[in-house]
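**Q** Got final09.txt for you, compact mmCIF, C-alpha atoms:
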```txt
# COMPACT_ATOMS: atom_id res chain seq x y z
CA MET A 15 0.00 0.00 0.00
CA SER A 16 1.46 3.35 -1.00
CA ARG A 17 1.82 6.03 1.59
CA GLN A 18 -0.39 8.32 -0.42
CA SER A 19 -3.25 5.84 -0.41
CA ALA A 20 -2.69 5.26 3.26
CA LEU A 21 -3.39 8.90 4.00
CA ARG A 22 -6.89 9.38 5.24
CA LYS A 23 -8.73 12.09 7.04
CA SER A 24 -9.64 11.26 10.56
CA THR A 25 -13.13 11.58 11.93
CA ILE A 26 -11.68 11.95 15.40
CA PRO A 27 -11.53 15.55 16.65
CA LEU A 28 -7.99 16.82 17.18
CA GLN A 29 -8.38 16.94 20.94
CA SER A 30 -10.96 14.19 21.39
CA ASN A 31 -11.92 13.68 25.00
CA TRP A 32 -11.64 9.98 24.96
CA SER A 33 -11.78 9.56 28.69
CA GLY A 34 -15.21 11.14 28.73
CA ASP A 35 -16.79 8.44 26.62
CA GLU A 36 -18.38 5.69 28.66
CA SER A 37 -17.76 2.85 26.21
CA SER A 38 -14.15 3.92 25.78
CA ARG A 39 -13.67 4.11 29.51
CA ALA A 40 -15.08 0.63 29.78
CA LEU A 41 -12.58 -0.54 27.17
CA ILE A 42 -9.72 1.04 29.08
CA SER A 43 -10.94 -0.57 32.26
CA ARG A 44 -11.07 -3.98 30.58
CA ALA A 45 -7.60 -3.50 29.15
CA GLN A 46 -6.31 -2.41 32.56
CA ASN A 47 -7.47 -5.79 33.80
CA GLY A 48 -5.47 -7.61 31.14
CA ASP A 49 -8.02 -7.91 28.31
CA VAL A 50 -5.85 -7.88 25.16
CA ASP A 51 -8.90 -7.84 22.84
CA ALA A 52 -10.08 -4.63 24.49
CA PHE A 53 -6.60 -3.20 24.02
CA GLU A 54 -6.73 -4.12 20.34
CA LEU A 55 -9.92 -2.08 20.01
CA ILE A 56 -8.14 0.81 21.70
CA TYR A 57 -5.26 0.33 19.26
CA ASN A 58 -7.67 0.38 16.31
CA GLU A 59 -9.18 3.62 17.60
CA HIS A 60 -5.93 5.46 18.22
CA SER A 61 -3.21 3.91 16.08
CA GLY A 62 -3.88 6.20 13.12
CA ARG A 63 -3.32 9.37 15.09
CA VAL A 64 -0.37 7.97 17.00
CA TYR A 65 1.22 6.71 13.78
CA ALA A 66 0.72 10.10 12.11
CA LEU A 67 2.46 11.74 15.05
CA CYS A 68 5.29 9.18 15.03
CA LEU A 69 5.73 9.49 11.29
CA ARG A 70 6.06 13.26 11.51
CA LEU A 71 8.29 13.20 14.56
CA MET A 72 10.56 10.67 12.85
CA GLY A 73 10.92 12.80 9.75
CA GLY A 74 8.77 10.57 7.55
CA GLU A 75 10.81 7.41 8.10
CA GLN A 76 8.16 4.72 7.99
CA THR A 77 10.16 1.91 9.57
CA ALA A 78 11.31 4.10 12.43
CA ALA A 79 7.79 5.49 12.84
CA THR A 80 6.26 2.00 12.94
CA GLU A 81 8.78 0.87 15.53
CA LEU A 82 8.14 3.98 17.59
CA MET A 83 4.37 3.47 17.42
CA GLN A 84 4.76 -0.16 18.47
CA ASP A 85 6.96 0.95 21.34
CA VAL A 86 4.32 3.51 22.35
CA PHE A 87 1.53 0.92 22.49
CA VAL A 88 3.66 -1.59 24.38
CA ARG A 89 4.48 1.16 26.89
CA ALA A 90 0.82 2.10 27.00
CA TRP A 91 -0.11 -1.49 27.85
CA LYS A 92 2.49 -1.72 30.59
CA ASN A 93 1.45 1.61 32.07
CA LEU A 94 -2.31 1.39 31.62
CA GLY A 95 -2.72 1.07 35.36
CA LYS A 96 -1.29 4.54 35.74
CA PHE A 97 -3.86 6.10 33.44
CA ARG A 98 -6.45 7.62 35.75
CA GLY A 99 -8.53 9.59 33.30
CA GLU A 100 -7.19 12.98 34.36
CA SER A 101 -6.49 13.80 30.72
CA ALA A 102 -7.84 12.54 27.43
CA PHE A 103 -6.51 9.08 26.65
CA SER A 104 -5.28 10.35 23.27
CA SER A 105 -3.25 13.08 25.03
CA TRP A 106 -1.77 10.49 27.36
CA LEU A 107 -0.79 8.34 24.38
CA HIS A 108 0.72 11.34 22.64
CA ARG A 109 2.83 12.13 25.67
CA LEU A 110 4.05 8.53 25.68
CA ALA A 111 4.93 8.90 21.99
CA VAL A 112 6.91 12.08 22.54
CA ASN A 113 8.71 10.61 25.53
CA ALA A 114 9.53 7.44 23.60
CA MET A 115 10.81 9.48 20.68
CA LEU A 116 13.01 11.55 22.96
CA GLU A 117 14.41 8.47 24.69
CA ASN A 118 15.13 6.84 21.34
CA ALA A 119 16.80 10.01 20.11
CA ARG A 120 19.02 10.12 23.17
CA SER A 121 20.04 6.49 22.83
CA ASP A 122 20.55 6.58 19.07
CA LYS A 123 23.17 9.14 18.24
CA ARG A 124 23.16 8.05 14.64
CA ARG A 125 19.98 10.07 14.27
CA VAL A 126 22.15 13.16 14.30
CA ALA A 127 23.46 12.19 10.91
CA ARG A 128 19.96 12.25 9.51
CA VAL A 129 19.26 15.76 10.74
CA LEU A 130 19.83 18.56 8.31
CA PRO A 131 21.75 21.64 9.40
CA MET A 132 19.40 24.31 10.75
CA GLU A 133 19.75 26.72 7.84
CA ASP A 134 20.04 24.18 5.05
CA THR A 135 16.83 24.44 3.04
CA SER A 136 18.20 23.08 -0.20
CA GLN A 137 16.68 19.65 0.35
CA ILE A 138 13.26 20.87 1.33
CA GLY A 139 10.85 20.06 -1.45
CA ALA A 140 9.05 22.83 -3.32
CA PHE A 141 5.30 23.11 -2.95
CA ALA A 142 2.99 22.50 -5.86
CA PRO A 143 0.31 25.13 -6.39
CA GLY A 144 -3.27 24.59 -5.27
CA ASP A 145 -4.86 22.36 -2.67
CA SER A 146 -4.18 18.87 -3.88
CA PRO A 147 -2.96 15.54 -2.51
CA GLU A 148 0.37 16.31 -4.14
CA LEU A 149 0.58 19.57 -2.23
CA ARG A 150 -0.10 17.78 1.02
CA ILE A 151 2.52 15.17 0.23
CA ASP A 152 5.00 17.94 -0.55
CA LEU A 153 4.12 19.70 2.68
CA GLU A 154 4.61 16.44 4.57
CA ARG A 155 7.93 16.03 2.84
CA ALA A 156 8.98 19.56 3.71
CA ILE A 157 8.03 19.01 7.34
CA ALA A 158 9.98 15.76 7.34
CA ARG A 159 13.06 17.58 6.14
CA LEU A 160 13.00 20.22 8.82
CA PRO A 161 15.84 20.10 11.33
CA GLU A 162 14.84 17.84 14.20
CA GLY A 163 14.34 20.49 16.87
CA ALA A 164 12.30 22.74 14.59
CA ARG A 165 10.29 19.78 13.33
CA THR A 166 9.46 18.52 16.81
CA ALA A 167 8.29 21.95 17.96
CA PHE A 168 6.31 22.45 14.77
CA VAL A 169 4.61 19.04 14.84
CA LEU A 170 3.70 19.30 18.50
CA HIS A 171 2.51 22.91 18.35
CA ASP A 172 1.03 23.48 14.93
CA ILE A 173 -0.22 20.00 14.12
CA GLU A 174 -0.92 18.40 17.49
CA GLY A 175 -2.06 21.56 19.25
CA PHE A 176 0.23 21.43 22.30
CA GLN A 177 0.95 24.73 24.08
CA HIS A 178 4.46 26.22 24.20
CA GLN A 179 4.69 25.45 27.91
CA GLU A 180 3.63 21.83 27.45
CA ILE A 181 6.21 21.31 24.72
CA ALA A 182 8.93 22.94 26.79
CA ALA A 183 8.08 20.68 29.72
CA GLN A 184 8.05 17.55 27.59
CA LEU A 185 11.29 18.36 25.83
CA GLY A 186 13.00 19.75 28.90
CA ILE A 187 13.83 23.05 27.23
CA ALA A 188 12.90 26.70 27.78
CA VAL A 189 9.67 28.10 26.40
CA GLY A 190 11.74 30.66 24.53
CA THR A 191 13.65 27.87 22.79
CA VAL A 192 10.39 26.26 21.71
CA LYS A 193 9.24 29.56 20.23
CA ALA A 194 12.57 30.03 18.46
CA GLN A 195 12.41 26.52 16.98
CA LEU A 196 8.85 27.15 15.88
CA HIS A 197 9.88 30.40 14.23
CA ARG A 198 12.68 28.60 12.40
CA ALA A 199 10.26 25.93 11.24
CA HIS A 200 7.84 28.52 9.88
CA LYS A 201 10.64 30.37 8.15
CA LEU A 202 12.08 27.25 6.53
CA LEU A 203 8.68 26.01 5.39
CA ILE A 204 7.74 29.39 3.93
CA GLN A 205 11.07 29.49 2.13
CA ALA A 206 10.26 26.11 0.65
CA LEU A 207 6.81 27.38 -0.32
CA ASP A 208 8.37 30.31 -2.13
CA LYS A 209 10.61 28.12 -4.28
CA MET B 6 21.63 42.42 9.43
CA LYS B 7 19.80 39.20 8.63
CA ASP B 8 16.01 39.63 8.22
CA ASP B 9 14.30 37.26 10.63
CA THR B 10 10.73 38.40 10.10
CA ILE B 11 8.03 36.20 8.64
CA ASP B 12 5.44 37.44 6.15
CA GLU B 13 2.10 37.15 7.96
CA ALA B 14 0.16 36.33 4.80
CA LYS B 15 2.54 33.53 3.95
CA LEU B 16 2.32 32.19 7.46
CA ARG B 17 -1.48 32.19 7.16
CA ASP B 18 -1.20 30.28 3.88
CA LEU B 19 1.05 27.75 5.57
CA MET B 20 -1.43 27.30 8.41
CA ASN B 21 -4.23 26.83 5.88
CA GLU B 22 -2.25 24.13 4.15
CA LEU B 23 -1.58 22.49 7.49
CA SER B 24 -5.27 22.22 8.24
CA ALA B 25 -5.60 20.00 5.18
CA LEU B 26 -3.07 17.50 6.46
CA PRO B 27 -4.52 14.23 7.74
CA THR B 28 -4.64 13.89 11.51
CA SER B 29 -4.58 10.15 11.12
CA ILE B 30 -2.44 7.90 8.94
CA GLU B 31 -3.07 4.20 8.74
CA PRO B 32 -0.11 2.25 10.12
CA PRO B 33 1.22 -0.87 8.38
CA ALA B 34 -1.28 -3.71 8.66
CA ASP B 35 1.13 -6.03 10.45
CA ALA B 36 2.06 -3.50 13.15
CA TRP B 37 -0.46 -4.83 15.67
CA ALA B 38 0.85 -8.41 15.46
CA LYS B 39 4.20 -7.42 16.93
CA ILE B 40 2.55 -5.38 19.67
CA ARG B 41 0.24 -8.26 20.55
CA ALA B 42 3.16 -10.69 20.72
CA GLU B 43 5.10 -8.36 22.97
CA ILE B 44 2.30 -7.55 25.38
CA GLY B 45 1.38 -11.24 25.44
CA ALA B 46 4.86 -11.93 26.76
CA THR B 47 4.62 -9.01 29.20
CA GLY B 48 1.43 -10.18 30.89
CA LYS B 49 -1.23 -8.09 32.57
CA PRO B 50 -0.63 -4.32 32.84
CA GLU B 51 0.94 -3.27 36.09
CA ALA B 52 -1.70 -2.28 38.59
CA GLN B 53 -1.61 1.27 39.82
CA SER B 54 0.65 1.05 42.80
CA LEU B 55 -0.52 2.71 45.96
CA SER B 56 2.55 2.26 48.01
CA PRO B 57 2.46 2.45 51.80
CA ARG B 58 4.11 5.83 51.33
CA PHE B 59 1.39 7.08 49.01
CA TRP B 60 0.30 9.58 51.61
CA GLN B 61 3.81 10.99 51.65
CA ARG B 62 3.45 12.35 48.12
CA PRO B 63 4.13 16.10 47.98
CA VAL B 64 0.53 17.04 47.36
CA PHE B 65 -0.64 15.30 50.54
CA LEU B 66 2.22 16.62 52.59
CA ALA B 67 1.47 20.09 51.33
CA ALA B 68 -2.21 19.71 52.13
CA ALA B 69 -1.47 18.36 55.58
CA ALA B 70 0.92 21.19 56.29
CA LEU B 71 -1.79 23.64 55.36
CA LEU B 72 -3.69 22.95 58.52
CA LEU B 73 -0.90 24.61 60.44
CA VAL B 74 0.86 26.82 57.92
CA ALA B 75 -1.64 28.16 55.43
CA GLY B 76 -4.50 28.29 57.85
CA SER B 77 -2.53 30.15 60.45
CA SER B 78 -0.92 32.43 57.87
CA VAL B 79 -4.31 33.49 56.56
CA VAL B 80 -5.54 34.07 60.06
CA THR B 81 -2.30 35.75 61.07
CA ALA B 82 -2.48 38.02 58.05
CA ILE B 83 -5.96 39.07 59.06
CA ALA B 84 -4.93 39.44 62.66
CA ILE B 85 -1.94 41.59 61.82
CA ASN B 86 -3.69 43.62 59.20
CA ARG B 87 -6.98 44.39 60.84
CA ARG B 88 -7.59 42.63 64.12
CA GLY B 89 -6.12 42.22 67.51
CA ALA B 90 -4.61 39.47 69.58
CA SER B 91 -8.02 38.16 70.61
CA VAL B 92 -8.84 37.27 67.01
CA ALA B 93 -5.56 35.42 66.63
CA ARG B 94 -6.21 33.46 69.83
CA GLU B 95 -9.66 32.51 68.59
CA ALA B 96 -8.19 31.35 65.30
CA GLU B 97 -5.54 29.25 67.03
CA ARG B 98 -8.27 27.63 69.12
CA GLN B 99 -10.21 26.69 65.98
CA ILE B 100 -7.11 25.38 64.21
CA ALA B 101 -6.51 23.01 67.09
CA THR B 102 -9.99 21.55 66.65
CA VAL B 103 -9.33 18.88 64.04
CA PRO B 104 -12.27 16.52 63.46
CA ASP B 105 -11.62 12.84 64.08
CA THR B 106 -11.69 10.95 60.78
CA ASN B 107 -10.94 7.53 62.18
CA THR B 108 -14.61 6.71 62.09
CA GLY B 109 -16.52 7.38 58.91
CA PRO B 110 -17.52 5.97 55.52
CA ALA B 111 -15.96 2.62 54.70
CA SER B 112 -16.18 2.86 50.94
CA LEU B 113 -16.18 5.40 48.13
CA ALA B 114 -19.90 4.76 47.58
CA GLN B 115 -20.64 5.66 51.19
CA PHE B 116 -18.32 8.62 51.06
CA THR B 117 -20.09 10.17 48.07
CA VAL B 118 -23.06 10.84 50.39
CA VAL B 119 -20.79 12.69 52.81
CA GLU B 120 -18.99 14.35 49.92
CA SER B 121 -22.15 16.07 48.73
CA ASP B 122 -22.47 17.66 52.19
CA TYR B 123 -18.89 18.89 51.98
CA LEU B 124 -19.48 20.31 48.52
CA ARG B 125 -22.61 22.09 49.68
CA ALA B 126 -20.73 23.55 52.63
CA VAL B 127 -17.88 24.68 50.37
CA ASN B 128 -20.33 26.36 47.98
CA ASP B 129 -22.18 28.13 50.80
CA LEU B 130 -18.99 29.30 52.48
CA SER B 131 -17.45 30.42 49.20
CA ALA B 132 -20.53 32.51 48.44
CA THR B 133 -20.47 34.05 51.92
CA LEU B 134 -16.77 34.75 51.69
CA GLU B 135 -17.23 36.38 48.31
CA SER B 136 -19.75 38.76 49.84
CA GLU B 137 -17.22 39.64 52.56
CA ARG B 138 -14.38 39.95 50.10
CA ASP B 139 -13.99 43.71 50.53
CA SER B 140 -13.11 43.31 54.18
CA LEU B 141 -10.12 41.11 53.38
CA SER B 142 -6.74 42.41 52.31
CA PRO B 143 -5.37 41.38 48.88
CA GLU B 144 -2.56 39.56 50.67
CA THR B 145 -5.04 37.48 52.65
CA ILE B 146 -7.08 36.66 49.57
CA ALA B 147 -3.92 35.59 47.73
CA LYS B 148 -2.88 33.33 50.61
CA LEU B 149 -6.35 31.86 50.85
CA ARG B 150 -6.41 31.14 47.13
CA ALA B 151 -2.99 29.50 47.23
CA SER B 152 -4.07 27.34 50.16
CA ILE B 153 -7.32 26.32 48.49
CA LYS B 154 -5.41 25.42 45.35
CA ILE B 155 -3.15 23.02 47.27
CA ILE B 156 -6.09 21.44 49.08
CA ASP B 157 -7.97 21.03 45.78
CA ALA B 158 -4.94 19.27 44.31
CA ALA B 159 -4.95 16.89 47.28
CA ILE B 160 -8.68 16.26 46.83
CA LEU B 161 -8.21 15.51 43.14
CA GLU B 162 -5.29 13.22 43.84
CA ALA B 163 -7.18 11.26 46.49
CA ARG B 164 -10.32 11.14 44.34
CA ASN B 165 -8.40 9.66 41.41
CA ALA B 166 -6.61 7.19 43.61
CA LEU B 167 -9.94 6.12 45.09
CA ALA B 168 -11.37 5.53 41.64
CA ALA B 169 -8.75 2.83 41.23
CA ASP B 170 -9.03 1.53 44.77
CA PRO B 171 -12.56 2.34 46.06
CA ALA B 172 -12.31 0.40 49.30
CA ASN B 173 -9.06 1.94 50.51
CA LYS B 174 -10.00 3.39 53.90
CA MET B 175 -6.80 5.36 54.20
CA LEU B 176 -7.61 7.18 50.96
CA ILE B 177 -11.18 7.83 52.08
CA GLN B 178 -9.85 9.35 55.27
CA MET B 179 -7.38 11.46 53.32
CA LEU B 180 -10.12 12.69 51.04
CA ALA B 181 -12.37 13.47 53.99
CA LYS B 182 -9.51 15.23 55.75
CA SER B 183 -8.82 17.37 52.70
CA TYR B 184 -12.47 18.38 52.45
CA GLU B 185 -12.50 19.16 56.17
CA GLN B 186 -9.43 21.34 55.73
CA LYS B 187 -11.09 23.20 52.91
CA VAL B 188 -14.33 23.73 54.82
CA ASP B 189 -12.41 24.69 57.94
CA LEU B 190 -10.21 27.18 56.13
CA LEU B 191 -13.17 28.80 54.41
CA LYS B 192 -15.16 28.86 57.63
CA ARG B 193 -12.41 30.44 59.68
CA THR B 194 -11.62 33.02 57.04
CA THR B 195 -15.28 33.91 56.76
CA GLU B 196 -15.57 34.30 60.52
CA MET B 197 -12.46 36.42 60.66
CA ALA B 198 -13.73 38.60 57.84
CA ARG B 199 -16.99 39.16 59.68
CA SER B 200 -15.51 39.85 63.08
```
The structure given in the file should be rewritten as structure tokens.

**A**
Amino acid sequence: MSRQSALRKSTIPLQSNWSGDESSRALISRAQNGDVDAFELIYNEHSGRVYALCLRLMGGEQTAATELMQDVFVRAWKNLGKFRGESAFSSWLHRLAVNAMLENARSDKRRVARVLPMEDTSQIGAFAPGDSPELRIDLERAIARLPEGARTAFVLHDIEGFQHQEIAAQLGIAVGTVKAQLHRAHKLLIQALDK
Amino acid sequence: MKDDTIDEAKLRDLMNELSALPTSIEPPADAWAKIRAEIGATGKPEAQSLSPRFWQRPVFLAAAALLLVAGSSVVTAIAINRRGASVAREAERQIATVPDTNTGPASLAQFTVVESDYLRAVNDLSATLESERDSLSPETIAKLRASIKIIDAAILEARNALAADPANKMLIQMLAKSYEQKVDLLKRTTEMARS
């Protein structure tokens, strides 16, 4: 299956309050008690959004994104007992994904080699005119080619809707740094758009 | 000097393009199989651990300390600002009167009956205090708010823990104690404001 055909619009709101839904809470409760089938239903509900996040955080690398998503769901299973419904389940999963990505990045220094220099925009793909699947693919590609720090801030803030403070806390950096990375991301993407 | 500004119109265009990106991308079909195999080997999710030292978590320690620190500081602030030594003595007498929570509801279900009484008392006292607000100094109001915030955090923490362990008497007592602190603090502040 091509990546383009795999793209699909979600019917789930960006910040869906999963914990507020009775049937979903029942599923979580069943999974917390060791019901793998219930957990599979949870996976079916959330894997698309988690995979999209992983794919973007990992710069479009499908194998790495798949491994990260699998890691996220295994962690989610192990830590389900700690989920107490204080936040939306999807937000909890997203935090796990970001944490897993950060841990992987720390333990895999080879990733540095895949990161483009901050000001190098030569490899960022040009945008095609008009609103089309090709444009979206190009935009995805441009996002994927952003420097890692700028990409992470951009994906979490502009796509996932996290606040500056939340991102700073998750990444362990200053709010000002998040804003600077976001600014760089905007600048690089607009430069690519202008090409 | 290097121009670091971003064209607002172009940024808007970029954000428009972003809104067309999919929030969900279907992961590879075989991704679940690996997760299932791994969680199968892991076993049941770890239960939420309520260690014997659960009550020693910062939020509970902070809430417990409030009975002496925040409560007395609010009262002291009032006493210093507007009252005399007799008011302070009265406040100290009330602080020393801590209700006995060793006897009480044995389960969360039973506690919810008591909880509604606490909530009613909190609402009534809050409304009364609001009407007396002008007779309190800004410093006192700030201290009261900070104290209430800490107690509310303790209530939330205990409430969530109880959801996972509804028959835990220690947690029920902690929750009751936190509500008592809140009612007591509001009551004393209201009395001080009126005197």

**Q** Could you build a table of the residues in chain B lying no more than 7 Å from chain A, giving for each the nearest pair of atoms and their separation in Å rounded to one decimal place, using only C-alpha atoms, ordered by chain and ascending residue number, as CSV?

**A**
```
residue,atom,partner,partner_atom,distance
B:Ile11,CA,A:Lys201,CA,6.4
B:Lys15,CA,A:Ile204,CA,6.6
B:Leu26,CA,A:Arg150,CA,6.2
B:Pro27,CA,A:Lys23,CA,4.8
B:Thr28,CA,A:Ser24,CA,5.7
B:Ser29,CA,A:Arg63,CA,4.2
B:Ile30,CA,A:Gly62,CA,4.7
B:Glu31,CA,A:Gly62,CA,4.9
B:Pro32,CA,A:Tyr65,CA,5.9
B:Ala36,CA,A:Gln84,CA,6.8
B:Ile40,CA,A:Gln84,CA,5.8
B:Ile44,CA,A:Val88,CA,6.2
B:Lys49,CA,A:Gly48,CA,4.5
B:Pro50,CA,A:Lys92,CA,4.6
B:Glu51,CA,A:Gly95,CA,5.7
B:Ala52,CA,A:Gly95,CA,4.8
B:Gln53,CA,A:Gly95,CA,4.6
B:Asn165,CA,A:Arg98,CA,6.3
```

**Q** Mind giving me the straight-line distance from atom CA of Glu162 of chain B to atom CA of Ser131 of chain B in Å, one decimal?

**A**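 Pair atom CA of Glu162 of chain B / atom CA of Ser131 of chain B returns 21.7 Å.
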
**Q** Which residues are close to segment 171-183 of chain B, i.e. within 6 Å by all atoms listed in the file, leaving aside same-chain residues fewer than 5 positions away? Reply as a PyMOL selection string.

**A** chain B and resi 112-113+160+163

**Q** Would you export the selected residues with C-alpha atoms as a short mmCIF file (atom, residue, chain, number, x, y, z; two decimals), in the coordinates of the input, please?

**A**
```
data_model
loop_
_atom_site.label_atom_id
_atom_site.label_comp_id
_atom_site.auth_asym_id
_atom_site.auth_seq_id
_atom_site.Cartn_x
_atom_site.Cartn_y
_atom_site.Cartn_z
CA SER B 112 -16.18 2.86 50.94
CA LEU B 113 -16.18 5.40 48.13
CA ILE B 160 -8.68 16.26 46.83
CA ALA B 163 -7.18 11.26 46.49
#
```

**Q** Quick one: distance from atom CA of Leu190 of chain B to atom CA of Leu149 of chain B in Å, one decimal?

**A**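 Atom CA of Leu149 of chain B lies at a distance of 8.0 Å from atom CA of Leu190 of chain B.
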
**Q** Tell me, in Å to one decimal, how far atom CA of Ala156 of chain A is from atom CA of Met20 of chain B.

**A**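 Pair atom CA of Ala156 of chain A / atom CA of Met20 of chain B returns 13.8 Å.
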
**Q** Please determine, counting all atoms listed in the file, which residue among A:Ala78, A:Gln195, A:Ser104, A:Ile56 has the shortest atom-to-atom distance to Leu160 of chain A.

**A**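 Of all the options, A:Gln195 lies closest to Leu160 of chain A.
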
**Q** Nearest to Asp122 of chain B: which of B:Tyr184, B:Glu43, B:Leu191, B:Asn21 is it, counting all atoms listed in the file?

**A**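 Checking each candidate against Asp122 of chain B, we get B:Tyr184 as the closest.
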